[in-house]
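Trainee: Coordinates in upload.cif, mmCIF, C-alpha atoms, are listed below.
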```cif
data_start
loop_
_atom_site.label_atom_id
_atom_site.label_comp_id
_atom_site.auth_asym_id
_atom_site.auth_seq_id
_atom_site.Cartn_x
_atom_site.Cartn_y
_atom_site.Cartn_z
CA MET A 923 -9.50 -9.71 16.55
CA LYS A 924 -11.54 -7.02 14.83
CA SER A 925 -10.17 -4.51 17.35
CA ALA A 926 -6.63 -5.70 16.59
CA LEU A 927 -7.30 -5.32 12.86
CA ALA A 928 -8.50 -1.75 13.42
CA LEU A 929 -5.21 -1.06 15.21
CA ALA A 930 -3.25 -2.60 12.34
CA ARG A 931 -5.00 -0.38 9.79
CA ARG A 932 -4.09 2.69 11.84
CA HIS A 933 -0.49 2.76 10.61
CA LEU A 934 -0.78 1.27 7.12
CA GLY A 935 1.86 2.82 4.89
CA ASN A 936 3.84 4.19 7.82
CA THR A 937 5.73 1.21 9.25
CA GLY A 938 8.71 1.16 6.91
CA GLU A 939 9.58 -2.28 5.58
CA ASN A 940 7.70 -3.96 8.44
CA PRO A 941 4.03 -4.96 8.23
CA SER A 942 1.47 -2.98 10.19
CA VAL A 943 0.24 -5.30 12.94
CA GLY A 944 -2.34 -4.91 15.72
CA CYS A 945 -2.34 -6.65 19.08
CA VAL A 946 -4.91 -6.75 21.91
CA ILE A 947 -4.25 -8.37 25.31
CA VAL A 948 -7.25 -9.68 27.25
CA ASP A 949 -6.80 -10.61 30.93
CA THR A 950 -8.19 -13.65 32.73
CA ALA A 951 -11.38 -11.73 33.61
CA GLY A 952 -12.04 -10.97 29.95
CA ASN A 953 -11.05 -7.31 30.16
CA VAL A 954 -8.82 -5.61 27.58
CA SER A 955 -5.60 -4.78 29.43
CA GLY A 956 -3.31 -3.80 26.57
CA ARG A 957 -3.43 -2.55 22.99
CA GLY A 958 -0.69 -1.92 20.50
CA SER A 959 -0.02 -1.34 16.82
CA THR A 960 3.29 -1.36 14.99
CA ALA A 961 4.82 2.05 15.59
CA ARG A 962 5.63 4.44 12.78
CA GLY A 963 8.89 3.44 11.18
CA GLY A 964 8.29 -0.22 12.06
CA ARG A 965 9.19 -0.50 15.73
CA PRO A 966 8.40 -1.10 18.52
CA HIS A 967 6.22 -3.96 17.35
CA ALA A 968 2.56 -4.22 18.28
CA GLU A 969 3.05 -7.07 20.76
CA THR A 970 5.78 -5.18 22.62
CA LEU A 971 3.56 -2.13 23.09
CA ALA A 972 0.47 -4.15 24.07
CA LEU A 973 2.37 -6.26 26.61
CA ALA A 974 3.97 -3.16 28.15
CA GLN A 975 0.53 -1.61 28.58
CA ALA A 976 -0.93 -4.81 30.05
CA GLY A 977 1.91 -5.44 32.48
CA PRO A 978 1.24 -8.27 34.97
CA ALA A 979 -2.37 -8.54 33.70
CA ALA A 980 -1.07 -10.39 30.63
CA LYS A 981 -0.22 -13.47 32.70
CA GLY A 982 -2.77 -16.20 32.03
CA GLY A 983 -4.60 -14.02 29.52
CA SER A 984 -5.02 -14.09 25.75
CA ALA A 985 -3.21 -12.20 23.02
CA TYR A 986 -5.00 -11.39 19.78
CA VAL A 987 -2.46 -10.64 17.04
CA THR A 988 -3.27 -9.93 13.39
CA LEU A 989 -0.03 -11.55 12.20
CA GLU A 990 1.95 -14.47 13.56
CA PRO A 991 4.45 -12.98 16.06
CA CYS A 992 7.98 -12.66 14.70
CA ALA A 993 10.41 -15.44 15.60
CA HIS A 994 13.65 -13.88 14.34
CA ARG A 995 15.89 -11.38 16.06
CA GLY A 996 16.31 -8.11 14.22
CA ALA A 997 16.67 -4.68 15.78
CA THR A 998 14.39 -5.96 18.57
CA PRO A 999 14.02 -9.38 20.28
CA PRO A 1000 11.46 -11.85 18.87
CA CYS A 1001 7.88 -11.05 19.84
CA VAL A 1002 7.12 -14.74 20.31
CA ASP A 1003 9.63 -14.80 23.20
CA ALA A 1004 8.01 -11.73 24.75
CA LEU A 1005 4.60 -13.43 24.72
CA ILE A 1006 6.02 -16.58 26.32
CA THR A 1007 7.86 -14.58 28.98
CA ALA A 1008 4.70 -12.60 29.76
CA GLY A 1009 2.94 -15.87 30.54
CA VAL A 1010 -0.07 -15.61 28.24
CA SER A 1011 -2.09 -18.81 28.04
CA ARG A 1012 -3.54 -18.36 24.55
CA VAL A 1013 -2.53 -16.59 21.33
CA VAL A 1014 -5.11 -15.95 18.61
CA ILE A 1015 -3.53 -15.21 15.22
CA GLY A 1016 -5.10 -13.60 12.16
CA THR A 1017 -2.75 -15.08 9.56
CA LYS A 1018 0.64 -16.76 9.37
CA ASP A 1019 3.73 -14.72 8.60
CA PRO A 1020 4.90 -15.03 4.96
CA ASP A 1021 8.48 -14.20 6.00
CA PRO A 1022 10.41 -17.50 5.93
CA ARG A 1023 12.34 -16.40 9.03
CA THR A 1024 9.12 -16.73 11.01
CA ALA A 1025 6.55 -18.64 8.90
CA GLY A 1026 5.09 -21.27 11.24
CA LYS A 1027 8.07 -21.16 13.62
CA SER A 1028 6.36 -18.96 16.19
CA ILE A 1029 3.27 -21.13 16.22
CA SER A 1030 5.41 -24.21 16.89
CA LYS A 1031 7.36 -22.41 19.62
CA LEU A 1032 4.21 -21.19 21.35
CA GLU A 1033 2.62 -24.64 21.27
CA GLY A 1034 5.88 -26.15 22.49
CA SER A 1035 5.69 -23.83 25.49
CA GLY A 1036 2.22 -25.08 26.36
CA ILE A 1037 0.39 -22.04 24.97
CA GLU A 1038 -2.85 -22.61 23.09
CA VAL A 1039 -2.73 -21.22 19.53
CA VAL A 1040 -5.78 -20.41 17.42
CA SER A 1041 -4.87 -19.58 13.81
CA ASP A 1042 -6.62 -17.97 10.85
CA THR A 1043 -9.11 -15.86 12.80
CA CYS A 1044 -10.52 -13.17 10.45
CA ARG A 1045 -7.95 -14.51 8.03
CA ALA A 1046 -9.09 -12.62 4.90
CA ASP A 1047 -8.99 -9.24 6.65
CA ALA A 1048 -5.65 -10.05 8.24
CA GLN A 1049 -4.20 -11.00 4.87
CA GLU A 1050 -5.50 -7.79 3.32
CA ALA A 1051 -3.73 -5.79 6.02
CA ILE A 1052 -0.35 -7.32 5.11
CA LEU A 1053 -0.88 -7.55 1.33
CA GLY A 1054 1.97 -5.15 0.59
CA PHE A 1055 4.39 -6.85 2.98
CA THR A 1056 3.52 -10.27 1.56
CA SER A 1057 3.99 -8.97 -1.99
CA ARG A 1058 7.45 -7.62 -1.17
CA ILE A 1059 8.50 -10.81 0.62
CA LYS A 1060 7.21 -13.20 -2.07
CA ARG A 1061 7.52 -11.16 -5.28
CA GLY A 1062 10.17 -8.61 -4.42
CA ARG A 1063 7.87 -5.67 -5.19
CA PRO A 1064 5.25 -3.65 -3.33
CA ALA A 1065 1.54 -4.20 -3.75
CA VAL A 1066 0.18 -1.75 -6.31
CA THR A 1067 -3.20 -0.09 -5.95
CA LEU A 1068 -4.50 1.85 -8.93
CA LYS A 1069 -6.81 4.70 -7.96
CA MET A 1070 -9.12 6.15 -10.60
CA ALA A 1071 -11.55 9.07 -10.38
CA THR A 1072 -13.82 9.15 -13.42
CA SER A 1073 -17.21 10.00 -14.80
CA LEU A 1074 -19.79 7.24 -15.07
CA ASP A 1075 -18.56 6.48 -18.60
CA GLY A 1076 -14.92 6.13 -17.52
CA LYS A 1077 -13.53 9.55 -18.49
CA ILE A 1078 -10.91 11.39 -16.45
CA ALA A 1079 -11.33 14.74 -18.23
CA THR A 1080 -13.20 16.50 -21.00
CA HIS A 1081 -11.76 16.69 -24.52
CA SER A 1082 -10.14 20.03 -23.54
CA GLY A 1083 -8.44 18.46 -20.51
CA HIS A 1084 -10.69 20.00 -17.86
CA SER A 1085 -10.90 17.62 -14.89
CA GLN A 1086 -11.37 19.60 -11.65
CA TRP A 1087 -13.41 18.32 -10.08
CA ILE A 1088 -15.04 15.19 -11.46
CA THR A 1089 -15.72 13.70 -8.05
CA GLY A 1090 -17.15 15.48 -5.03
CA GLU A 1091 -15.46 16.78 -1.90
CA ALA A 1092 -16.22 13.68 0.19
CA ALA A 1093 -14.59 11.38 -2.38
CA ARG A 1094 -11.56 13.66 -2.62
CA LYS A 1095 -11.11 13.54 1.16
CA ALA A 1096 -11.34 9.74 1.03
CA ALA A 1097 -8.64 9.75 -1.65
CA HIS A 1098 -6.35 11.84 0.57
CA LEU A 1099 -6.92 9.39 3.43
CA LEU A 1100 -5.93 6.64 1.00
CA ARG A 1101 -2.66 8.48 0.36
CA SER A 1102 -1.88 8.42 4.08
CA GLU A 1103 -2.13 4.60 4.06
CA HIS A 1104 0.52 4.07 1.39
CA ASP A 1105 4.31 4.27 1.39
CA ALA A 1106 4.37 6.08 -1.95
CA ILE A 1107 2.20 7.74 -4.60
CA MET A 1108 3.16 7.25 -8.24
CA VAL A 1109 2.05 9.20 -11.30
CA GLY A 1110 3.16 9.27 -14.91
CA SER A 1111 5.02 12.21 -16.40
CA GLY A 1112 1.94 13.32 -18.35
CA THR A 1113 -0.08 13.76 -15.16
CA ALA A 1114 2.84 15.47 -13.43
CA VAL A 1115 3.28 17.95 -16.30
CA GLU A 1116 -0.37 18.69 -17.09
CA ASP A 1117 -1.85 18.73 -13.58
CA ASN A 1118 1.20 19.99 -11.64
CA PRO A 1119 0.03 18.12 -8.52
CA ASP A 1120 1.38 18.31 -4.96
CA LEU A 1121 0.65 14.63 -4.19
CA THR A 1122 0.51 15.29 -0.45
CA CYS A 1123 -2.00 14.24 2.19
CA ARG A 1124 -4.10 17.32 2.88
CA ILE A 1125 -6.27 16.09 5.74
CA GLU A 1126 -6.03 18.07 8.95
CA GLY A 1127 -3.90 16.15 11.42
CA LEU A 1128 -2.45 13.79 8.81
CA GLU A 1129 -0.21 16.20 6.92
CA ASP A 1130 2.90 14.48 8.27
CA ARG A 1131 1.76 11.20 6.73
CA SER A 1132 2.31 12.30 3.14
CA PRO A 1133 4.06 9.42 1.36
CA VAL A 1134 7.05 9.42 -0.96
CA ARG A 1135 6.11 10.98 -4.32
CA ILE A 1136 7.24 9.11 -7.42
CA VAL A 1137 7.08 10.15 -11.08
CA ALA A 1138 7.60 7.59 -13.86
CA ASP A 1139 9.33 9.86 -16.38
CA GLY A 1140 11.22 8.04 -19.11
CA ARG A 1141 12.14 11.24 -20.98
CA LEU A 1142 12.62 13.51 -17.96
CA ARG A 1143 9.80 15.86 -18.89
CA LEU A 1144 9.16 17.01 -15.31
CA PRO A 1145 9.73 20.81 -15.20
CA LEU A 1146 12.15 22.16 -12.63
CA THR A 1147 9.44 24.67 -11.74
CA SER A 1148 6.80 22.01 -10.97
CA ASN A 1149 5.32 21.75 -7.49
CA LEU A 1150 6.89 18.32 -7.06
CA VAL A 1151 10.39 19.61 -7.74
CA THR A 1152 10.18 22.89 -5.86
CA SER A 1153 8.95 21.11 -2.73
CA ALA A 1154 11.30 18.11 -2.98
CA VAL A 1155 13.41 19.31 -0.05
CA ASP A 1156 10.32 19.09 2.18
CA HIS A 1157 8.65 15.97 0.75
CA PRO A 1158 10.72 13.03 -0.59
CA THR A 1159 10.39 12.96 -4.38
CA TRP A 1160 11.76 10.24 -6.65
CA VAL A 1161 11.87 10.25 -10.43
CA ILE A 1162 12.14 6.92 -12.24
CA THR A 1163 13.75 7.31 -15.63
CA ALA A 1164 15.66 5.34 -18.25
CA LYS A 1165 19.33 4.54 -17.76
CA ALA A 1166 21.66 7.16 -19.23
CA GLU A 1167 18.73 9.47 -19.97
CA ASN A 1168 19.75 13.16 -20.14
CA LYS A 1169 22.44 13.29 -17.45
CA PRO A 1170 22.52 17.13 -17.27
CA ARG A 1171 18.79 17.11 -16.61
CA GLN A 1172 19.24 14.43 -13.97
CA LYS A 1173 21.83 16.60 -12.23
CA ALA A 1174 19.51 19.60 -12.22
CA LEU A 1175 16.76 17.53 -10.63
CA LYS A 1176 19.19 16.11 -8.06
CA ASP A 1177 20.39 19.61 -7.21
CA ALA A 1178 16.76 20.52 -6.49
CA GLY A 1179 16.48 17.61 -4.03
CA VAL A 1180 14.90 14.99 -6.31
CA GLU A 1181 16.21 11.44 -6.14
CA ILE A 1182 16.79 9.75 -9.50
CA ILE A 1183 16.18 6.04 -10.01
CA GLU A 1184 17.41 4.59 -13.31
CA VAL A 1185 15.89 1.46 -14.82
CA GLY A 1186 16.02 -0.20 -18.22
CA ARG A 1187 13.48 -0.12 -21.03
CA ASN A 1188 11.26 -3.01 -22.07
CA PRO A 1189 11.17 -4.38 -25.64
CA THR A 1190 8.61 -1.72 -26.66
CA GLY A 1191 10.93 1.08 -25.55
CA GLU A 1192 8.91 2.04 -22.46
CA LEU A 1193 10.26 2.15 -18.93
CA ASP A 1194 10.58 -1.34 -17.47
CA LEU A 1195 7.95 -0.94 -14.77
CA SER A 1196 8.57 -4.42 -13.38
CA GLU A 1197 12.21 -3.50 -12.72
CA ALA A 1198 11.10 -0.17 -11.27
CA LEU A 1199 8.77 -1.85 -8.78
CA ASN A 1200 11.49 -4.31 -7.82
CA VAL A 1201 13.74 -1.36 -7.01
CA LEU A 1202 10.99 0.14 -4.87
CA GLY A 1203 10.58 -3.19 -3.08
CA ALA A 1204 14.32 -3.34 -2.41
CA ARG A 1205 13.98 0.10 -0.80
CA GLY A 1206 11.44 -1.31 1.65
CA LEU A 1207 8.22 0.01 0.14
CA ASN A 1208 5.24 -2.26 0.80
CA ARG A 1209 2.31 -0.25 -0.62
CA VAL A 1210 2.29 2.00 -3.70
CA LEU A 1211 -0.74 4.02 -4.79
CA VAL A 1212 -0.86 4.88 -8.50
CA GLU A 1213 -2.96 7.94 -9.32
CA GLY A 1214 -2.61 8.07 -13.10
CA GLY A 1215 -2.46 8.95 -15.84
CA SER A 1216 -4.04 6.84 -18.50
CA HIS A 1217 -0.75 5.72 -20.08
CA LEU A 1218 0.81 4.56 -16.80
CA ALA A 1219 -2.44 2.89 -15.72
CA ALA A 1220 -2.72 0.95 -18.97
CA SER A 1221 0.97 -0.03 -18.91
CA LEU A 1222 0.73 -1.41 -15.37
CA LEU A 1223 -2.45 -3.35 -16.10
CA ARG A 1224 -1.12 -4.68 -19.39
CA THR A 1225 2.02 -6.01 -17.66
CA HIS A 1226 0.06 -7.54 -14.74
CA LEU A 1227 1.58 -5.24 -12.12
CA VAL A 1228 -1.65 -4.05 -10.45
CA ASP A 1229 -3.13 -5.80 -7.40
CA ARG A 1230 -6.07 -3.59 -6.44
CA VAL A 1231 -8.18 -0.99 -8.24
CA ILE A 1232 -10.08 1.66 -6.28
CA TRP A 1233 -12.53 3.43 -8.58
CA TYR A 1234 -14.36 6.62 -7.66
CA ARG A 1235 -17.27 7.13 -10.08
CA ALA A 1236 -19.11 10.43 -10.35
CA PRO A 1237 -22.75 10.60 -11.51
CA LEU A 1238 -22.08 12.40 -14.78
CA VAL A 1239 -21.43 11.48 -18.41
CA ILE A 1240 -18.73 13.23 -20.45
CA GLY A 1241 -19.02 11.36 -23.73
CA GLY A 1242 -16.83 9.73 -26.32
CA ASP A 1243 -14.62 12.75 -26.89
CA GLY A 1244 -13.56 12.82 -23.24
CA ARG A 1245 -10.18 11.51 -22.11
CA PRO A 1246 -10.37 7.83 -21.14
CA ALA A 1247 -9.07 6.40 -17.90
CA PHE A 1248 -6.88 3.97 -19.84
CA GLU A 1249 -5.00 4.26 -23.09
CA ALA A 1250 -5.28 1.49 -25.68
CA MET A 1251 -4.35 -1.94 -24.31
CA ALA A 1252 -4.53 -3.95 -27.55
CA VAL A 1253 -7.14 -6.39 -26.22
CA GLY A 1254 -8.34 -8.40 -29.21
CA GLN A 1255 -10.35 -11.08 -27.40
CA LEU A 1256 -12.37 -10.84 -24.20
CA ASN A 1257 -10.25 -13.62 -22.75
CA ASP A 1258 -7.28 -11.24 -22.98
CA ALA A 1259 -8.99 -8.52 -20.93
CA VAL A 1260 -7.84 -7.89 -17.35
CA GLY A 1261 -10.17 -9.75 -14.98
CA LEU A 1262 -11.28 -8.09 -11.76
CA LYS A 1263 -13.29 -9.17 -8.72
CA ARG A 1264 -15.25 -6.52 -6.85
CA ILE A 1265 -14.61 -6.77 -3.11
CA SER A 1266 -16.45 -3.69 -1.87
CA LEU A 1267 -18.87 -0.96 -2.94
CA GLU A 1268 -19.94 2.12 -1.02
CA THR A 1269 -21.45 5.53 -1.58
CA ILE A 1270 -19.31 8.52 -0.59
CA GLY A 1271 -21.22 11.75 -0.90
CA LYS A 1272 -22.65 11.87 -4.39
CA ASP A 1273 -20.12 9.37 -5.76
CA VAL A 1274 -19.76 5.59 -5.75
CA THR A 1275 -16.52 3.91 -4.76
CA GLU A 1276 -15.74 0.38 -5.87
CA THR A 1277 -12.72 -1.66 -4.82
CA TYR A 1278 -11.56 -4.49 -7.06
CA GLU A 1279 -9.00 -7.21 -6.72
CA ILE A 1280 -7.17 -8.25 -9.86
CA HIS A 1281 -8.42 -11.78 -10.39
CA GLY A 1282 -6.34 -14.38 -8.57
CA VAL A 1283 -3.89 -12.05 -6.80
CA THR A 1284 -4.85 -12.99 -3.24
CA ASP A 1285 -4.93 -16.71 -4.00
CA ALA A 1286 -1.53 -16.50 -5.69
CA LEU A 1287 0.06 -14.69 -2.75
CA PHE A 1288 -1.54 -16.53 0.15
CA GLY A 1289 -2.57 -19.83 -1.42
CA VAL A 1290 -5.87 -21.63 -1.05
CA ASP A 1291 -6.36 -24.19 1.69
#
```
Once more with this new file: its structure as structure tokens, please.

Mentor:
Amino acid sequence: MKSALALARRHLGNTGENPSVGCVIVDTAGNVSGRGSTARGGRPHAETLALAQAGPAAKGGSAYVTLEPCAHRGATPPCVDALITAGVSRVVIGTKDPDPRTAGKSISKLEGSGIEVVSDTCRADAQEAILGFTSRIKRGRPAVTLKMATSLDGKIATHSGHSQWITGEAARKAAHLLRSEHDAIMVGSGTAVEDNPDLTCRIEGLEDRSPVRIVADGRLRLPLTSNLVTSAVDHPTWVITAKAENKPRQKALKDAGVEIIEVGRNPTGELDLSEALNVLGARGLNRVLVEGGSHLAASLLRTHLVDRVIWYRAPLVIGGDGRPAFEAMAVGQLNDAVGLKRISLETIGKDVTETYEIHGVTDALFGVD
């Protein structure tokens, strides 16, 4: 199953609206005869590719699949039928499918065909691999990961705005790899204007895995000369703005190849980020990586729209006059603060990387047995 999970992680952020799944076929002698992971774009599915590689060796063998095989017919036939036809004797599943078109149905069909089913193997890791898909199915929006790169005291820049580079080269490469595993990168208009980023994946061999670039820009501040706009014909770029906001400016951005997404404003007059994420979910995005700035980060946390936080901390102190990672969040009591649970910690070069889950997210999405 761990091998199947490694295959699933291979195409995270690159399988369209489908989850990234891994499958390993083991023959009757205990040898691996087939491997597969959901192809880029979402099909063929992992099981289809693994069974094709295994051929006749699948008969009587075992299939290890990170997600319950699909039971519904879409652009391709159900994977559960392919496993039955191939004659496997056992199917080991990482986690059940949250999609109601399949949820539990494949397990029942496999057992009804006399195939042994073992469920919930490496369940936590399997659930993590489909977090974005589960979020879109159950909540209508992608899973949101907030990535921060700060000094030890939580600053993203000096008081003058100097920020390159707080973290070291190894951490920056890890951050680019993170981009390749998401369907989209989102930044606020302040970051887009001040930093003029490219928001592409600049790791040799993974350049074609740069995700959709999204700017939350309620006042359409993004300059037509910015890197994001001038390269929009080569890399999909979306700007989320308020309805009826500056139509001539919208047209200019559209003419440059930028796609405009209009949403409403919340009671405080800011962009309705919940509506924005629902729109992204409707477009088939499962995983969105937010890279700042401090206003967007605080707004998403304050409105409970963040699922994971990945925090790169550099061993330096900038001080109280530095720019904070988060703008004011109006937390009066500690009970009102956003609760996080650390799920991993590692050293990357000279920096420390911590991954946090927003308290209760996994339990809310997958339930507790």

Trainee: May I ask which of the residues A:Thr1072, A:Asn1149, A:Ser1011, A:Gln1172 is the closest one to Gly1241 of chain A, counting all atoms listed in the file?

Mentor: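 Using all atoms listed in the file, the shortest distance to Gly1241 of chain A belongs to A:Thr1072.
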
Trainee: Quick one: pull the distance between atom CA of Thr1113 of chain A and atom CA of Val1228 of chain A, Å, one decimal.

Mentor: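 Answer for the atom CA of Thr1113 of chain A to atom CA of Val1228 of chain A separation: 18.5 Å.
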
Trainee: What's the separation between atom CA of Arg1230 of chain A and atom CA of Thr1067 of chain A, in Å to one decimal place?

Mentor: 4.6 Å

Trainee: Which neighbours of Leu927 of chain A fall inside 8 Å, counting all atoms listed in the file, when residues of the same chain fewer than 4 positions from it are skipped, and could you give them as an mmCIF file with C-alpha atoms, in the frame of the given file?

Mentor:
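Below you can see around_14.cif, which holds the result:
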```cif
data_model
loop_
_atom_site.group_PDB
_atom_site.id
_atom_site.type_symbol
_atom_site.label_atom_id
_atom_site.label_comp_id
_atom_site.auth_asym_id
_atom_site.auth_seq_id
_atom_site.Cartn_x
_atom_site.Cartn_y
_atom_site.Cartn_z
ATOM 1 C CA MET A 923 -9.500 -9.710 16.550
ATOM 2 C CA ARG A 931 -5.000 -0.380 9.790
ATOM 3 C CA VAL A 943 0.240 -5.300 12.940
ATOM 4 C CA GLY A 944 -2.340 -4.910 15.720
ATOM 5 C CA THR A 988 -3.270 -9.930 13.390
ATOM 6 C CA ASP A 1047 -8.990 -9.240 6.650
ATOM 7 C CA ALA A 1048 -5.650 -10.050 8.240
ATOM 8 C CA ALA A 1051 -3.730 -5.790 6.020
#
```

Trainee: Taking the file as shown, find all residues satisfying the PyMOL selection byres ((chain A and resi 1267) around 7) and write them as a VMD selection string.

Mentor: chain A and resid 1266 1268 1275 to 1277

Trainee: Restricting the calculation to all atoms listed in the file: of A:Lys1272, A:Arg1264, A:Arg1131, A:Arg1124, which residue gets closest to Arg1235 of chain A?

Mentor: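 Ranking A:Lys1272, A:Arg1264, A:Arg1131, A:Arg1124 by distance to Arg1235 of chain A, first place goes to A:Lys1272.
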
Trainee: Find the spatial neighbours of Asp1177 of chain A, counting only C-alpha atoms, within a cut-off of 12 Å - ignore same-chain residues fewer than 6 positions away - and output them as a PyMOL selection string.

Mentor: chain A and resi 1146+1151-1152+1154-1155+1170-1171

Trainee: Given the selection you just returned, output its residues as a file containing C-alpha atoms, formatted as a short mmCIF file (atom, residue, chain, number, x, y, z; two decimals), in the frame of the given file.

Mentor:
```
data_model
loop_
_atom_site.label_atom_id
_atom_site.label_comp_id
_atom_site.auth_asym_id
_atom_site.auth_seq_id
_atom_site.Cartn_x
_atom_site.Cartn_y
_atom_site.Cartn_z
CA LEU A 1146 12.15 22.16 -12.63
CA VAL A 1151 10.39 19.61 -7.74
CA THR A 1152 10.18 22.89 -5.86
CA ALA A 1154 11.30 18.11 -2.98
CA VAL A 1155 13.41 19.31 -0.05
CA PRO A 1170 22.52 17.13 -17.27
CA ARG A 1171 18.79 17.11 -16.61
#
```

Trainee: Decode the PyMOL selection byres ((chain A and resi 949) around 12) for the given file into explicit residues and return them as a count of residues only.

Mentor: 30

Trainee: Would you pick out the contacts of segment 1073-1079 of chain A at 7 Å or less, using all atoms listed in the file, so that residues sharing its chain but fewer than 5 positions from it are not included, and give the list as a PDB file with C-alpha atoms, keeping the file's coordinate frame?

Mentor:
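Just written: part.pdb:
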```pdb
ATOM      1  CA  HIS A1084     -10.690  20.000 -17.860  1.00  0.00           C
ATOM      2  CA  SER A1085     -10.900  17.620 -14.890  1.00  0.00           C
ATOM      3  CA  ILE A1088     -15.040  15.190 -11.460  1.00  0.00           C
ATOM      4  CA  ARG A1235     -17.270   7.130 -10.080  1.00  0.00           C
ATOM      5  CA  ALA A1236     -19.110  10.430 -10.350  1.00  0.00           C
ATOM      6  CA  PRO A1237     -22.750  10.600 -11.510  1.00  0.00           C
ATOM      7  CA  LEU A1238     -22.080  12.400 -14.780  1.00  0.00           C
ATOM      8  CA  VAL A1239     -21.430  11.480 -18.410  1.00  0.00           C
ATOM      9  CA  ILE A1240     -18.730  13.230 -20.450  1.00  0.00           C
ATOM     10  CA  GLY A1244     -13.560  12.820 -23.240  1.00  0.00           C
ATOM     11  CA  ARG A1245     -10.180  11.510 -22.110  1.00  0.00           C
ATOM     12  CA  PRO A1246     -10.370   7.830 -21.140  1.00  0.00           C
ATOM     13  CA  ALA A1247      -9.070   6.400 -17.900  1.00  0.00           C
TER      14      ALA A1247
END
```

Trainee: Atom CA of Gly1186 of chain A and atom CA of Val1134 of chain A, how far apart in Å?

Mentor: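 Result for atom CA of Val1134 of chain A versus atom CA of Gly1186 of chain A: 21.7 Å, one decimal.
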
Trainee: So which one's closest to Arg962 of chain A, A:Glu1050, A:Glu1038, A:Asp1130, A:Asp1021? Using only C-alpha atoms, please.

Mentor: A:Asp1130

Trainee: Could you list, as number ranges by chain, every residue within 10 Å of Gly963 of chain A, counting only C-alpha atoms and ignoring same-chain residues fewer than 6 positions away?

Mentor: A: 933, 935-940, 942

Trainee: So what does the PyMOL selection byres ((chain A and resi 991) around 12) actually pick up in this one, as a ChimeraX atom specification?

Mentor: /A:941-945,960,967-970,985-990,992-995,999-1006,1013-1021,1023-1032,1039,1041

Trainee: Using all atoms listed in the file for the distances, tell me which of A:Gly1090, A:Pro1133, A:Gly1289, A:Pro1119 is nearest to Asn1208 of chain A.

Mentor: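 Checking each of A:Gly1090, A:Pro1133, A:Gly1289, A:Pro1119 against Asn1208 of chain A, counting all atoms listed in the file, the winner is A:Pro1133.
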
Trainee: Near segment 1257-1262 of chain A, within 10 Å and counting only C-alpha atoms, which residues show up once chain neighbours fewer than 4 positions away are dropped, as a ChimeraX atom specification?

Mentor: /A:1223-1224,1226,1229-1231,1251-1253,1277-1283
